[in-house]
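Source file: data.cif (mmCIF, C-alpha atoms)
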data_protein
#
loop_
_atom_site.label_atom_id
_atom_site.label_comp_id
_atom_site.auth_asym_id
_atom_site.auth_seq_id
_atom_site.Cartn_x
_atom_site.Cartn_y
_atom_site.Cartn_z
CA ARG W 1 44.22 -9.49 -67.61
CA GLU W 2 41.73 -11.93 -69.15
CA LEU W 3 40.98 -13.62 -65.81
CA TYR W 4 41.22 -10.52 -63.61
CA PRO W 5 40.47 -7.39 -65.67
CA GLN W 6 39.77 -5.17 -62.64
CA THR W 7 42.59 -3.82 -60.48
CA GLU W 8 42.32 -2.14 -57.08
CA ILE W 9 45.16 -0.58 -55.07
CA LYS W 10 44.71 -0.38 -51.29
CA THR W 11 46.77 0.10 -48.16
CA ALA W 12 48.42 -3.18 -47.18
CA GLY W 13 47.38 -5.01 -44.02
CA GLY W 14 49.40 -7.33 -41.80
CA VAL W 15 48.26 -10.67 -43.21
CA GLY W 16 50.55 -13.70 -43.38
CA GLU W 17 54.14 -13.42 -44.57
CA LEU W 18 55.91 -14.32 -47.80
CA ARG W 19 59.56 -13.34 -47.68
CA PHE W 20 61.16 -12.56 -51.03
CA ASN W 21 64.83 -13.19 -51.77
CA ALA W 22 64.98 -10.09 -53.93
CA ALA W 23 67.34 -9.96 -56.89
CA GLU W 24 69.55 -7.02 -57.80
CA GLY W 25 68.93 -5.18 -54.54
CA ILE W 26 65.15 -4.86 -54.99
CA ASP W 27 63.53 -4.36 -51.59
CA PHE W 28 59.95 -5.69 -51.68
CA ASN W 29 59.56 -4.87 -47.98
CA ALA W 30 59.61 -1.17 -48.83
CA ALA W 31 56.13 -1.46 -50.37
CA THR W 32 53.18 -0.26 -48.27
CA ILE W 33 50.32 -1.10 -50.61
CA LYS W 34 48.55 -4.19 -51.90
CA ALA W 35 47.21 -4.86 -55.36
CA LEU W 36 43.88 -6.60 -55.84
CA PHE W 37 43.13 -8.38 -59.10
CA VAL W 38 39.38 -8.96 -59.45
CA GLU W 39 37.44 -11.07 -61.94
CA ARG W 40 34.54 -9.59 -63.89
CA GLY W 41 31.93 -11.00 -61.51
CA GLY W 42 33.64 -9.28 -58.58
CA ASN W 43 33.72 -12.24 -56.20
CA GLN W 44 36.99 -14.01 -57.13
CA LEU W 45 40.17 -12.07 -56.41
CA VAL W 46 43.91 -12.26 -55.81
CA GLN W 47 45.66 -9.94 -53.36
CA ILE W 48 49.39 -9.36 -53.58
CA GLN W 49 51.42 -7.28 -51.15
CA ARG W 50 55.02 -7.13 -49.96
CA ASN W 51 54.64 -10.06 -47.56
CA ALA W 52 51.59 -12.00 -48.73
CA PHE W 53 49.86 -13.70 -51.62
CA ILE W 54 46.16 -14.14 -50.86
CA ARG W 55 43.59 -16.04 -52.95
CA ASN W 56 40.15 -14.98 -51.82
CA TRP W 57 36.46 -15.16 -52.49
CA ARG W 58 33.97 -12.52 -51.43
CA GLN W 59 30.20 -12.57 -51.38
CA THR W 60 28.29 -10.17 -53.62
CA GLU W 61 24.59 -9.62 -54.30
CA GLN W 62 24.97 -11.66 -57.50
CA THR W 63 26.89 -14.50 -55.84
CA ALA W 64 25.29 -15.25 -52.49
CA GLN W 65 26.21 -18.95 -52.41
CA TYR W 66 29.26 -19.79 -50.31
CA GLU W 67 32.30 -20.92 -52.31
CA HIS W 68 33.69 -24.22 -51.05
CA TYR W 69 37.37 -25.01 -50.49
CA GLU W 70 37.29 -27.77 -53.12
CA ASN W 71 36.44 -25.14 -55.73
CA VAL W 72 38.88 -22.48 -54.54
CA ARG W 73 41.89 -24.80 -54.14
CA PRO W 74 42.55 -25.37 -57.88
CA LEU W 75 42.07 -21.64 -58.51
CA PHE W 76 44.70 -20.88 -55.87
CA GLN W 77 47.08 -23.40 -57.49
CA ARG W 78 46.58 -21.84 -60.93
CA ASP W 79 47.08 -18.27 -59.69
CA TRP W 80 50.07 -19.14 -57.49
CA GLN W 81 51.83 -20.85 -60.38
CA THR W 82 51.07 -17.86 -62.62
CA PHE W 83 52.54 -15.50 -60.02
CA CYS W 84 55.68 -17.62 -59.56
CA ALA W 85 56.14 -17.83 -63.34
CA PHE W 86 55.88 -14.04 -63.55
CA LEU W 87 58.56 -13.57 -60.89
CA GLU W 88 60.83 -16.04 -62.66
CA GLY W 89 60.25 -14.45 -66.06
CA GLU W 90 61.03 -10.99 -64.72
CA LYS W 91 64.05 -12.33 -62.76
CA LEU W 92 62.66 -10.99 -59.48
CA GLY W 93 63.95 -13.86 -57.37
CA THR W 94 62.44 -16.83 -55.56
CA ILE W 95 59.90 -17.06 -52.75
CA GLU W 96 60.48 -18.47 -49.29
CA VAL W 97 57.12 -19.38 -47.80
CA VAL W 98 57.25 -18.95 -44.02
CA GLN W 99 53.54 -19.09 -43.26
CA CYS W 100 50.30 -20.39 -44.74
CA GLU W 101 46.79 -19.50 -43.66
CA VAL W 102 43.24 -20.73 -44.19
CA THR W 103 40.42 -18.48 -42.98
CA TYR W 104 36.69 -19.13 -42.89
CA ILE W 105 34.38 -16.19 -42.12
CA ASN W 106 30.81 -17.04 -41.14
CA GLN W 107 28.24 -14.27 -40.72
CA LEU W 108 25.30 -15.17 -38.50
CA VAL W 109 22.38 -12.82 -39.16
CA ARG W 110 20.02 -11.52 -36.49
CA GLY W 111 16.59 -12.98 -37.15
CA ASN W 112 18.07 -16.07 -38.79
CA GLU W 113 20.53 -17.89 -36.52
CA TRP W 114 19.84 -15.64 -33.53
CA LYS W 115 17.44 -13.02 -32.16
CA THR W 116 19.19 -11.81 -29.00
CA PHE W 117 22.76 -12.18 -27.76
CA ASP W 118 21.53 -14.70 -25.21
CA ASP W 119 21.01 -17.06 -28.18
CA VAL W 120 24.79 -17.43 -28.49
CA SER W 121 24.55 -20.24 -25.93
CA ARG W 122 22.34 -22.13 -28.42
CA ILE W 123 24.88 -21.69 -31.21
CA PHE W 124 28.19 -22.51 -29.51
CA ARG W 125 28.98 -25.46 -27.25
CA LEU W 126 31.61 -23.48 -25.34
CA TRP W 127 29.32 -20.62 -24.30
CA SER W 128 26.96 -20.90 -21.32
CA ARG W 129 25.02 -17.88 -20.12
CA ALA W 130 25.03 -17.36 -16.36
CA ASP W 131 21.33 -17.30 -15.41
CA THR W 132 21.22 -15.31 -12.17
CA GLU W 133 19.09 -12.52 -10.73
CA SER W 134 22.02 -10.09 -10.93
CA LEU W 135 22.60 -10.65 -14.68
CA ARG W 136 19.83 -9.84 -17.12
CA ALA W 137 19.75 -10.00 -20.92
CA SER W 138 23.16 -9.99 -22.65
CA GLN W 139 23.81 -6.71 -24.47
CA MET W 140 26.83 -7.92 -26.45
CA VAL W 141 28.92 -11.07 -26.76
CA SER W 142 32.43 -11.52 -28.17
CA PHE W 143 35.38 -13.84 -27.60
CA MET W 144 38.71 -14.99 -29.00
CA MET W 145 40.52 -18.27 -28.44
CA VAL W 146 43.73 -19.75 -29.85
CA PHE W 147 44.33 -23.51 -30.02
CA GLU W 148 47.42 -25.50 -30.96
CA LEU W 149 47.04 -27.74 -34.00
CA PRO W 150 48.10 -31.41 -33.75
CA ASP W 151 51.71 -32.36 -34.47
CA ASN W 152 52.91 -28.75 -34.00
CA ALA W 153 51.41 -27.89 -37.38
CA GLY W 154 50.42 -24.39 -36.28
CA THR W 155 47.57 -22.69 -34.48
CA LEU W 156 43.84 -22.17 -34.86
CA GLN W 157 42.37 -18.80 -33.88
CA VAL W 158 38.63 -18.56 -33.21
CA VAL W 159 37.00 -15.13 -33.01
CA LEU W 160 33.39 -14.10 -32.40
CA GLN W 161 32.38 -10.46 -32.70
CA PRO W 162 29.19 -8.51 -33.47
CA GLY W 163 28.93 -6.08 -36.36
CA ILE W 164 26.91 -4.58 -39.22
CA ARG W 165 27.25 -6.13 -42.69
CA LYS W 166 28.13 -3.37 -45.15
CA ARG W 167 26.37 -4.68 -48.23
CA ASP W 168 22.88 -4.79 -46.65
CA ASN W 169 23.29 -3.16 -43.19
CA LYS W 170 22.08 -6.31 -41.44
CA GLU W 171 23.17 -6.93 -37.86
CA ILE W 172 25.44 -9.95 -37.62
CA ILE W 173 27.64 -11.96 -35.34
CA GLN W 174 30.81 -12.78 -37.27
CA PHE W 175 32.39 -16.13 -36.46
CA SER W 176 35.90 -16.48 -37.91
CA LEU W 177 38.25 -19.45 -37.82
CA THR W 178 41.86 -19.04 -38.97
CA ALA W 179 44.40 -21.85 -39.20
CA THR W 180 48.00 -20.64 -39.47
CA GLY W 181 51.28 -22.53 -39.75
CA LYS W 182 54.52 -23.11 -41.63
CA PRO W 183 54.59 -25.65 -44.47
CA ALA W 184 57.36 -28.22 -44.77
CA GLY W 185 58.89 -26.25 -47.65
CA SER W 186 58.23 -23.61 -50.28
CA GLY W 187 57.26 -26.00 -53.07
CA LEU W 188 53.72 -26.17 -54.43
CA LYS W 189 53.08 -29.61 -52.92
CA ASP W 190 54.23 -28.45 -49.48
CA ILE W 191 51.94 -25.43 -49.66
CA LEU W 192 48.91 -27.42 -50.83
CA ASP W 193 49.50 -30.12 -48.22
CA TRP W 194 49.48 -27.52 -45.46
CA LEU W 195 46.41 -25.76 -46.86
CA ASP W 196 44.58 -29.11 -46.91
CA LEU W 197 45.57 -29.63 -43.27
CA GLY W 198 44.43 -26.12 -42.35
CA HIS W 199 41.14 -26.64 -44.13
CA ILE W 200 40.47 -29.86 -42.22
CA ALA W 201 41.30 -28.13 -38.93
CA VAL W 202 38.91 -25.26 -39.65
CA VAL W 203 36.02 -27.46 -40.78
CA SER W 204 36.32 -29.96 -37.93
CA SER W 205 36.68 -27.16 -35.36
CA PHE W 206 33.59 -25.41 -36.72
CA ARG W 207 31.59 -28.58 -36.17
CA ASP W 208 33.11 -29.23 -32.73
CA LEU W 209 32.47 -25.69 -31.48
CA THR W 210 28.86 -25.39 -32.64
CA THR W 211 25.76 -27.19 -31.39
CA PRO W 212 23.72 -30.03 -32.95
CA GLU W 213 20.76 -27.63 -33.01
CA MET W 214 22.65 -25.32 -35.35
CA HIS W 215 23.96 -28.24 -37.40
CA SER W 216 20.34 -29.12 -38.11
CA HIS W 217 19.56 -25.50 -38.97
CA TRP W 218 22.47 -25.34 -41.42
CA GLY W 219 21.82 -28.81 -42.87
CA ILE W 220 25.12 -30.25 -41.59
CA LYS W 221 24.97 -34.03 -41.24
#
What is this file in structure tokens?
Amino acid sequence: RELYPQTEIKTAGGVGELRFNAAEGIDFNAATIKALFVERGGNQLVQIQRNAFIRNWRQTEQTAQYEHYENVRPLFQRDWQTFCAFLEGEKLGTIEVVQCEVTYINQLVRGNEWKTFDDVSRIFRLWSRADTESLRASQMVSFMMVFELPDNAGTLQVVLQPGIRKRDNKEIIQFSLTATGKPAGSGLKDILDWLDLGHIAVVSSFRDLTTPEMHSHWGIK
């Protein structure tokens, strides 16, 4: 309660999967909600639902700077160990981790990274606009791709879709990269090793899929 004094209860989504070996006939899969534990500042939070433990960061008006993986990783480790200790103390059983996930969400704002949807070809290496007399200005652009990670470690899903950002109603193109896979085991080291691998896959793919022009704009060396 000291770290996360705010609690929110919401309808659970289909994110990841943590299978519980429930003790004494307790069926965690019967739950249909998720609990969010939020710090005082509102940007650091833990989500727990019947099949997932999610350590997240969200942008607020007070915290506009992006939180890096190196800062979030030790917070995840602390909160995961706290959660596991709680389950053990309450004799609720052990956790079998069947999937890990690392997601990066990048919001590209109209007037900053782009002005029209035709500018998508300047942002992404994989997108080339067909310049013909029969096709005029692009009205909307979206795509989704799924790649296999090296050594059968999992998959990487890449999604681009337009939208309106709720907190300021700005028009955006949201570029999301999600690495998903099964760790070697359910121990903390196995989980962290896979998350490190997923992080590397996301960061390197972001660089590979975007153009040098945008790297210069974002200050990526």
So which residues get picked by the PyMOL selection byres ((chain W and resi 114-129) around 7) here, written as an mmCIF file with C-alpha atoms, in the coordinates of the input?
data_model
loop_
_atom_site.group_PDB
_atom_site.id
_atom_site.type_symbol
_atom_site.label_atom_id
_atom_site.label_comp_id
_atom_site.auth_asym_id
_atom_site.auth_seq_id
_atom_site.Cartn_x
_atom_site.Cartn_y
_atom_site.Cartn_z
ATOM 1 C CA VAL W 109 22.380 -12.820 -39.160
ATOM 2 C CA ARG W 110 20.020 -11.520 -36.490
ATOM 3 C CA GLY W 111 16.590 -12.980 -37.150
ATOM 4 C CA ASN W 112 18.070 -16.070 -38.790
ATOM 5 C CA GLU W 113 20.530 -17.890 -36.520
ATOM 6 C CA ALA W 130 25.030 -17.360 -16.360
ATOM 7 C CA ASP W 131 21.330 -17.300 -15.410
ATOM 8 C CA ALA W 137 19.750 -10.000 -20.920
ATOM 9 C CA SER W 138 23.160 -9.990 -22.650
ATOM 10 C CA GLN W 139 23.810 -6.710 -24.470
ATOM 11 C CA MET W 140 26.830 -7.920 -26.450
ATOM 12 C CA VAL W 141 28.920 -11.070 -26.760
ATOM 13 C CA LEU W 209 32.470 -25.690 -31.480
ATOM 14 C CA THR W 210 28.860 -25.390 -32.640
ATOM 15 C CA THR W 211 25.760 -27.190 -31.390
ATOM 16 C CA MET W 214 22.650 -25.320 -35.350
#
Return as a compact mmCIF listing (two decimals) with C-alpha atoms, in the frame of the given file the set of residues that the PyMOL selection byres ((chain W and resi 54) around 10) yields on the displayed structure.
# COMPACT_ATOMS: atom_id res chain seq x y z
CA VAL W 15 48.26 -10.67 -43.21
CA GLY W 16 50.55 -13.70 -43.38
CA LEU W 36 43.88 -6.60 -55.84
CA LEU W 45 40.17 -12.07 -56.41
CA VAL W 46 43.91 -12.26 -55.81
CA GLN W 47 45.66 -9.94 -53.36
CA ILE W 48 49.39 -9.36 -53.58
CA GLN W 49 51.42 -7.28 -51.15
CA ASN W 51 54.64 -10.06 -47.56
CA ALA W 52 51.59 -12.00 -48.73
CA PHE W 53 49.86 -13.70 -51.62
CA ARG W 55 43.59 -16.04 -52.95
CA ASN W 56 40.15 -14.98 -51.82
CA TRP W 57 36.46 -15.16 -52.49
CA PHE W 76 44.70 -20.88 -55.87
CA ASP W 79 47.08 -18.27 -59.69
CA TRP W 80 50.07 -19.14 -57.49
CA CYS W 100 50.30 -20.39 -44.74
CA GLU W 101 46.79 -19.50 -43.66
CA VAL W 102 43.24 -20.73 -44.19
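Here CA of Gly198 in chain W and CA of Ile105 in chain W stand 14.1 Å from one another.
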Any idea what's packed within 9 Å of Glu67 in chain W, counting all atoms listed in the file, ignoring anything in its chain fewer than 5 positions away? Could you give it as a PyMOL selection string? chain W and resi 57-59+72
Using all atoms listed in the file, what table do you get, as CSV, when you list each residue of range 23-120 of chain W with an atom no more than 12 Å from range 204-207 of chain W, its nearest pair of atoms, and their distance in Å rounded to one decimal, rows by chain then rising number?
residue,atom,partner,partner_atom,distance
W:Thr103,CA,W:Phe206,CA,11.6
W:Tyr104,CA,W:Phe206,CA,9.3
W:Ile105,CA,W:Phe206,CA,10.7
W:Asn106,CA,W:Phe206,CA,9.9
Just to be explicit: take each residue in the selection above, keep C-alpha atoms, and write the result as a compact mmCIF listing (two decimals), in the frame of the given file.
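To be explicit, this is the file written out as out-v2.txt:
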# COMPACT_ATOMS: atom_id res chain seq x y z
CA THR W 103 40.42 -18.48 -42.98
CA TYR W 104 36.69 -19.13 -42.89
CA ILE W 105 34.38 -16.19 -42.12
CA ASN W 106 30.81 -17.04 -41.14
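Interatomic distance, CA of Ala201 in chain W to CA of Val146 in chain W: 12.6 Å.
Omitting Gly187 in chain W and its sequence neighbours fewer than 4 positions away, and counting only C-alpha atoms, the residues within 10 Å are Ile95, Glu96, Val97, Pro183, Ile191 and Leu192 of chain W.
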Keeping only C-alpha atoms, write the selected residues to a file as a tab-separated table (two decimals), keeping the file's coordinate frame.
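Full text of result32.tsv as output:
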chain	number	residue	atom	x	y	z
W	95	ILE	CA	59.90	-17.06	-52.75
W	96	GLU	CA	60.48	-18.47	-49.29
W	97	VAL	CA	57.12	-19.38	-47.80
W	183	PRO	CA	54.59	-25.65	-44.47
W	191	ILE	CA	51.94	-25.43	-49.66
W	192	LEU	CA	48.91	-27.42	-50.83
Give me, as a PyMOL selection string, all polymer residues having an atom no more than 12 Å from Pro150 in chain W, counting all atoms listed in the file and skipping those fewer than 6 positions away in the same chain. chain W and resi 156+179+181+197-198+200-201
Please produce a file of the residues just selected, as a PDB file, in the coordinates of the input, where the atoms kept are C-alpha atoms.
ATOM      1  CA  LEU W 156      43.840 -22.170 -34.860  1.00  0.00           C
ATOM      2  CA  ALA W 179      44.400 -21.850 -39.200  1.00  0.00           C
ATOM      3  CA  GLY W 181      51.280 -22.530 -39.750  1.00  0.00           C
ATOM      4  CA  LEU W 197      45.570 -29.630 -43.270  1.00  0.00           C
ATOM      5  CA  GLY W 198      44.430 -26.120 -42.350  1.00  0.00           C
ATOM      6  CA  ILE W 200      40.470 -29.860 -42.220  1.00  0.00           C
ATOM      7  CA  ALA W 201      41.300 -28.130 -38.930  1.00  0.00           C
TER       8      ALA W 201
END
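Once the PyMOL selection byres ((chain W and resi 176) around 10) is applied to the shown structure, the selection contains Thr103, Tyr104, Ile105, Asn106, Gln107, Met144, Gln157, Val158, Val159, Leu160, Gln161, Ile173, Gln174, Phe175, Leu177, Thr178, Val202 and Phe206 of chain W.
The nearest approach to Leu108 in chain W among the residues W:Arg165, W:Arg73, W:Arg136, W:Arg40, with all atoms listed in the file taken into account, belongs to W:Arg165.
The coordinates place CA of Trp194 in chain W at 12.1 Å from CA of Thr155 in chain W.
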